[in-house]
Structures are given as C-alpha cells and as structure tokens.
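Below is structure09.csv, which holds CSV, C-alpha atoms.
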```csv
chain,number,residue,atom,x,y,z
A,21,MET,CA,15.6,-2.3,-33.3
A,22,MET,CA,12.5,-2.6,-31.2
A,23,ARG,CA,13.2,-2.8,-27.4
A,24,ILE,CA,10.8,-4.8,-25.2
A,25,GLU,CA,10.3,-1.7,-23.1
A,26,ASP,CA,8.7,0.0,-26.1
A,27,LEU,CA,5.9,-2.5,-26.0
A,28,ALA,CA,4.9,-1.7,-22.5
A,29,ALA,CA,1.7,0.3,-21.8
A,30,PRO,CA,2.3,4.1,-21.7
A,31,GLY,CA,1.7,4.3,-18.0
A,32,VAL,CA,4.2,1.6,-17.3
A,33,GLN,CA,6.8,3.3,-19.5
A,34,LYS,CA,6.5,6.4,-17.3
A,35,LEU,CA,7.5,4.5,-14.2
A,36,THR,CA,11.0,4.7,-12.7
A,37,ALA,CA,12.8,1.9,-11.0
A,38,TYR,CA,12.2,1.6,-7.2
A,39,ASP,CA,15.4,2.3,-5.2
A,40,PRO,CA,15.1,0.6,-1.8
A,41,GLY,CA,18.4,2.1,-0.6
A,42,TYR,CA,21.2,0.2,1.0
A,43,ASP,CA,20.6,-3.1,2.7
A,44,PRO,CA,20.8,-3.1,6.6
A,45,GLU,CA,24.2,-4.8,6.6
A,46,THR,CA,25.7,-2.1,4.4
A,47,ILE,CA,24.2,0.6,6.5
A,48,ARG,CA,25.5,-1.0,9.7
A,49,GLN,CA,29.0,-1.1,8.3
A,50,MET,CA,28.8,2.4,6.9
A,51,LEU,CA,27.7,3.9,10.2
A,52,GLY,CA,29.8,1.5,12.4
A,53,LEU,CA,26.8,0.4,14.3
A,54,PRO,CA,26.4,-3.0,16.0
A,55,ARG,CA,22.9,-3.7,14.7
A,56,ILE,CA,20.3,-2.2,12.3
A,57,LEU,CA,16.6,-2.9,12.3
A,58,GLU,CA,15.0,-2.6,8.9
A,59,LEU,CA,11.6,-1.0,9.4
A,60,GLY,CA,10.9,0.3,5.9
A,61,SER,CA,10.1,-3.1,4.4
A,62,ASN,CA,7.9,-4.3,7.3
A,63,GLU,CA,10.6,-6.8,8.4
A,64,ASN,CA,10.4,-8.3,11.8
A,65,GLY,CA,13.5,-7.6,13.8
A,66,TYR,CA,12.6,-10.1,16.5
A,67,GLY,CA,12.2,-13.2,14.3
A,68,ALA,CA,9.4,-15.7,14.2
A,69,SER,CA,7.2,-16.2,17.3
A,70,PRO,CA,8.0,-19.4,19.2
A,71,ALA,CA,4.3,-20.3,18.9
A,72,VAL,CA,4.5,-20.0,15.1
A,73,THR,CA,7.7,-22.1,14.9
A,74,GLU,CA,6.1,-24.8,17.1
A,75,LEU,CA,2.9,-24.8,15.0
A,76,LEU,CA,5.0,-25.3,11.8
A,77,ARG,CA,6.9,-28.1,13.4
A,78,SER,CA,3.7,-29.9,14.4
A,79,ARG,CA,2.1,-29.7,10.9
A,80,ASP,CA,1.9,-32.5,8.4
A,81,PHE,CA,3.0,-31.1,5.0
A,82,ALA,CA,1.9,-34.0,2.9
A,83,ASP,CA,-0.4,-31.8,0.9
A,84,ALA,CA,2.2,-29.1,0.4
A,85,ILE,CA,2.8,-30.5,-3.1
A,86,ARG,CA,-0.6,-29.3,-4.3
A,87,TYR,CA,-1.8,-25.8,-5.2
A,88,PRO,CA,-4.1,-24.3,-2.6
A,89,ASP,CA,-7.7,-23.4,-3.4
A,90,ALA,CA,-7.1,-20.6,-6.0
A,91,GLY,CA,-10.3,-18.8,-4.8
A,92,ALA,CA,-9.3,-19.1,-1.2
A,93,ARG,CA,-13.0,-19.8,-0.4
A,94,LYS,CA,-12.6,-20.9,3.2
A,95,LEU,CA,-10.5,-17.8,4.0
A,96,ARG,CA,-12.8,-15.5,2.3
A,97,GLN,CA,-15.8,-17.0,4.0
A,98,ALA,CA,-14.1,-16.7,7.4
A,99,ILE,CA,-13.2,-13.0,6.8
A,100,ALA,CA,-16.7,-12.3,5.5
A,101,ALA,CA,-18.3,-13.9,8.6
A,102,ARG,CA,-16.0,-11.9,10.9
A,103,TRP,CA,-16.9,-8.6,9.2
A,104,GLN,CA,-20.5,-9.5,8.2
A,105,VAL,CA,-20.1,-8.9,4.5
A,106,ASP,CA,-20.7,-11.1,1.4
A,107,PRO,CA,-17.7,-13.3,0.6
A,108,GLY,CA,-17.8,-11.9,-2.9
A,109,ALA,CA,-16.8,-8.6,-1.5
A,110,ILE,CA,-13.5,-9.9,-0.3
A,111,THR,CA,-10.5,-9.6,-2.5
A,112,LEU,CA,-7.2,-11.2,-1.4
A,113,GLY,CA,-3.7,-10.5,-2.7
A,114,ASN,CA,0.0,-10.9,-2.0
A,115,GLY,CA,0.3,-7.8,0.2
A,116,SER,CA,-1.0,-4.3,0.0
A,117,HIS,CA,1.2,-3.5,-3.1
A,118,GLU,CA,-0.6,-5.9,-5.2
A,119,LEU,CA,-4.1,-4.9,-4.0
A,120,LEU,CA,-3.4,-1.1,-4.4
A,121,VAL,CA,-2.2,-1.6,-8.0
A,122,LEU,CA,-5.2,-3.9,-8.7
A,123,ILE,CA,-7.6,-1.2,-7.4
A,124,ALA,CA,-6.0,1.4,-9.7
A,125,GLU,CA,-6.0,-1.0,-12.7
A,126,THR,CA,-9.7,-1.8,-12.1
A,127,PHE,CA,-11.1,1.7,-11.5
A,128,VAL,CA,-8.7,4.3,-13.0
A,129,ALA,CA,-8.9,5.3,-16.7
A,130,PRO,CA,-6.4,7.5,-18.5
A,131,GLY,CA,-6.8,11.1,-17.3
A,132,ASP,CA,-8.6,10.2,-14.0
A,133,GLU,CA,-7.0,11.8,-10.9
A,134,VAL,CA,-5.6,9.7,-8.1
A,135,VAL,CA,-5.3,11.8,-4.9
A,136,PHE,CA,-2.8,10.8,-2.1
A,137,ALA,CA,-0.8,12.6,0.5
A,138,GLN,CA,2.9,13.4,0.3
A,139,HIS,CA,5.1,11.1,2.4
A,140,GLY,CA,2.7,8.2,1.9
A,141,PHE,CA,3.2,4.7,0.6
A,142,ALA,CA,5.3,4.9,-2.7
A,143,VAL,CA,2.9,2.5,-4.4
A,144,PHE,CA,0.1,5.1,-4.4
A,145,LYS,CA,1.9,7.2,-7.1
A,146,LEU,CA,3.2,4.1,-9.0
A,147,ALA,CA,-0.3,2.6,-9.2
A,148,ALA,CA,-1.7,5.9,-10.5
A,149,ILE,CA,0.9,6.3,-13.2
A,150,ALA,CA,0.9,2.7,-14.3
A,151,SER,CA,-2.9,2.7,-14.7
A,152,GLY,CA,-2.7,5.8,-16.9
A,153,GLY,CA,-4.1,8.1,-14.2
A,154,GLN,CA,-3.0,11.5,-13.1
A,155,PRO,CA,-1.3,11.4,-9.7
A,156,VAL,CA,-2.3,14.3,-7.4
A,157,GLU,CA,0.2,14.4,-4.5
A,158,VAL,CA,-1.1,16.6,-1.8
A,159,PRO,CA,1.5,18.5,0.3
A,160,ALA,CA,1.9,17.1,3.8
A,161,LEU,CA,1.5,19.1,7.0
A,162,PRO,CA,4.6,21.0,8.2
A,163,ARG,CA,7.3,19.2,10.1
A,164,SER,CA,6.3,21.1,13.3
A,165,GLY,CA,2.9,20.5,15.0
A,166,LEU,CA,0.8,17.6,16.3
A,167,GLN,CA,1.0,15.5,13.1
A,168,PRO,CA,4.4,16.3,11.6
A,169,LEU,CA,4.5,15.4,7.8
A,170,GLY,CA,1.1,13.8,8.1
A,171,ALA,CA,-1.7,14.0,5.6
A,172,ASP,CA,-3.4,17.4,5.7
A,173,PRO,CA,-7.2,16.9,5.8
A,174,ILE,CA,-8.0,20.4,4.5
A,175,ALA,CA,-5.6,20.1,1.6
A,176,MET,CA,-6.7,16.6,0.8
A,177,THR,CA,-10.3,17.8,0.7
A,178,ALA,CA,-9.3,20.8,-1.5
A,179,ALA,CA,-7.6,18.4,-3.9
A,180,LEU,CA,-10.8,16.5,-4.7
A,181,GLY,CA,-12.2,17.5,-8.1
A,182,PRO,CA,-14.5,16.3,-10.9
A,183,ARG,CA,-11.8,14.1,-12.3
A,184,THR,CA,-10.9,12.5,-8.9
A,185,LYS,CA,-11.5,8.7,-9.4
A,186,LEU,CA,-9.5,7.3,-6.5
A,187,VAL,CA,-8.2,8.5,-3.1
A,188,TYR,CA,-5.5,6.6,-1.3
A,189,LEU,CA,-5.1,7.3,2.4
A,190,ALA,CA,-2.9,5.3,4.7
A,191,ASN,CA,-4.2,5.6,8.3
A,192,PRO,CA,-2.0,5.4,10.2
A,193,ASN,CA,0.5,6.5,7.6
A,194,ASN,CA,3.6,4.7,6.8
A,195,PRO,CA,6.3,6.0,7.1
A,196,THR,CA,5.4,9.0,9.2
A,197,GLY,CA,3.3,7.2,11.8
A,198,THR,CA,0.7,10.0,11.7
A,199,TRP,CA,-3.0,9.3,11.7
A,200,TRP,CA,-6.5,10.9,11.5
A,201,ASP,CA,-8.9,10.3,14.3
A,202,ARG,CA,-12.4,8.9,13.5
A,203,ALA,CA,-14.1,12.3,13.3
A,204,THR,CA,-11.5,13.7,10.9
A,205,LEU,CA,-11.7,10.6,8.7
A,206,ALA,CA,-15.5,10.7,8.7
A,207,GLN,CA,-15.5,14.4,7.8
A,208,PHE,CA,-13.1,13.8,4.9
A,209,LEU,CA,-15.0,10.7,3.6
A,210,ALA,CA,-18.2,12.8,3.6
A,211,GLN,CA,-16.5,15.1,1.1
A,212,VAL,CA,-15.2,12.4,-1.3
A,213,PRO,CA,-17.4,12.3,-4.4
A,214,ARG,CA,-19.2,9.0,-4.9
```
Please express the file's structure as structure tokens.
Amino acid sequence: MMRIEDLAAPGVQKLTAYDPGYDPETIRQMLGLPRILELGSNENGYGASPAVTELLRSRDFADAIRYPDAGARKLRQAIAARWQVDPGAITLGNGSHELLVLIAETFVAPGDEVVFAQHGFAVFKLAAIASGGQPVEVPALPRSGLQPLGADPIAMTAALGPRTKLVYLANPNNPTGTWWDRATLAQFLAQVPR
C-alpha cells in the first residue's frame, strides 16, 4: 500500500522531525526551579510592551474580517524607502524559517552545495536537504577562545567550492551569540563566488 510519505520529494523524504525538547514548564518541574525563560524559540519572557497593549486597545478592528493586501505593497514600499532599494527587491515572509527555505527552494538545485557553520540555525541544514542540495556543515571554532563555538572564517572560506550555490551565515549567530566584525565579514564575502 502506498504511503503519503512516499509521494514527497526526495529531499523532503530525507528530513527528520524537529525535536524542540521539553517545554519550559516540564524543564522547570524536572529541575525544581521557580521559573524558566525560553530563549531558543525567540519567546519574550517579559510579555508585551505596555505601549503595544495600549495601541491594540485603541485600534478599530472593523476591517479585521478582511484579508490584508497579499502583496504587502505599503510595507514593501516603506522598507524600500528606508533602505533605498526597489520595492521589487523586498521579499516578506512569516519569519526567517520561511524565508531561508524559500531562498533554498529558489536557488538550489540537486547537487548544489549549501555552506553553513556548525552550531548555527537548524533551518540552514533542513533547507539544504529539502531543496535537494548537499549540506556542507563547517566545523565551528573551538570552545575556548574569543568566539567559542562561533563560525570559523578560515574554514568557511575553505569550504567554498565550484558547487557552492548558497552560503548561510547568521551574524550574530543564534544560539552561540558569536559574531564576525565588519572587516571579517567583508573579507569573507569577497571570497564567495558570484
């Protein structure tokens, strides 16, 4: 009997389920702590800003029954004006996960290499695999030093090759909090094939 999973694209079939670990309440109980702040999912441990709460209370939501502008024209125009780029160059999404996957789906063909650093955002590898690309996970810097477990600029440069189609680099990196300064980033970008 055919399973629905067998119909998925080959790259999607190679993916494994994401394990987010225990929820904060379970961790709190397991460790006997009074409070846990969840940082791995970009959750705000302090709640909504009073200014945001007040703004929402003051709004008229009569139009909330309608879909918003699917092209987000006003938002794209405002972003484009702020950064002095063409509005057509702005792509919006429901968070970085969606945009990172969209980039891979758009530009990576089967066999293309996708380079990213170890201990980076998990979506980098998932997007590479799902798009049919070959993930190239570059070992991080050692735990000791100025940038513990950060992206190694020398190793990242060495990993670039003729099949490199996409490079993901989180700067600053989540979850390690490490970063490259402008000079290091510029030097690396100069080495990335165009």
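Counting from CA of Gly131 in chain A, the distance to CA of Gly153 in chain A is 5.1 Å.
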Residue neighbourhood range 194-202 of chain A, 7 Å, only C-alpha atoms, exclusion window fewer than 5 positions, as a compact mmCIF listing (two decimals) with C-alpha atoms, in the coordinates of the input:
```txt
# COMPACT_ATOMS: atom_id res chain seq x y z
CA GLY A 140 2.70 8.20 1.90
CA PHE A 141 3.20 4.70 0.60
CA GLN A 167 1.00 15.50 13.10
CA LEU A 169 4.50 15.40 7.80
CA GLY A 170 1.10 13.80 8.10
```
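Here CA of Lys185 in chain A is placed at a distance of 8.9 Å from CA of Arg214 in chain A.
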**Asked** Interatomic distance between CA of Ile174 in chain A and CA of Phe136 in chain A?
**Response**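 Calculated distance between CA of Ile174 in chain A and CA of Phe136 in chain A is 12.8 Å.
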**Message:** Between A:Gly91, A:Gly67, A:Gly152, A:Pro30, which residue has the minimum interatomic distance to Gly113 in chain A, considering all atoms listed in the file?
**Reply:** A:Gly91
**Sel. within 6 Å of pt (4.7, 17.3, 2.3), counting only C-alpha atoms, output as a ChimeraX atom specification** = /A:138,159-161,169
**Prompt:** Within 10 Å of Leu57 in chain A, counting only C-alpha atoms, which residues qualify if same-chain residues fewer than 3 places away don't, as a PyMOL selection string?
**Reply:** chain A and resi 44-45+48+60+63-66
**Prompt:** Skipping near chain neighbours, those fewer than 3 positions away, what residues fall within 9 Å of Ala175 in chain A using only C-alpha atoms, listed as an MDAnalysis selection string?
**Reply:** chainID A and resid 137 158:161 171:172 178:180
At a cut-off of 10 Å, can you tabulate as a Markdown table every residue of range 144-177 of chain A near range 207-211 of chain A together with its closest atom pair and the distance in Å to one decimal, using all atoms listed in the file and ordering rows by chain then number?
```
| residue | atom | partner | partner_atom | distance |
| --- | --- | --- | --- | --- |
| A:Pro173 | CA | A:Phe208 | CA | 6.7 |
| A:Ile174 | CA | A:Phe208 | CA | 8.4 |
| A:Met176 | CA | A:Phe208 | CA | 8.1 |
| A:Thr177 | CA | A:Phe208 | CA | 6.4 |
```
**Request:** Would you list the contacts of range 116-127 of chain A as a list in words, taking every protein, DNA or RNA residue within 10 Å and counting only C-alpha atoms, but skipping same-chain residues closer than 5 positions in sequence?
**Result:** Thr111, Asp132, Val134, Phe141, Ala142, Val143, Phe144, Lys145, Leu146, Ala147, Ala148, Ile149, Ala150, Ser151, Gly152, Gly153, Lys185, Leu186, Val187 and Tyr188 of chain A
**Message:** From the options A:Asp80, A:Glu157, A:Asp26, A:Glu58, which residue's atoms come nearest to Gly41 in chain A, counting all atoms listed in the file?
**Reply:**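 Ranking A:Asp80, A:Glu157, A:Asp26, A:Glu58 by distance to Gly41 in chain A, first place goes to A:Glu58.
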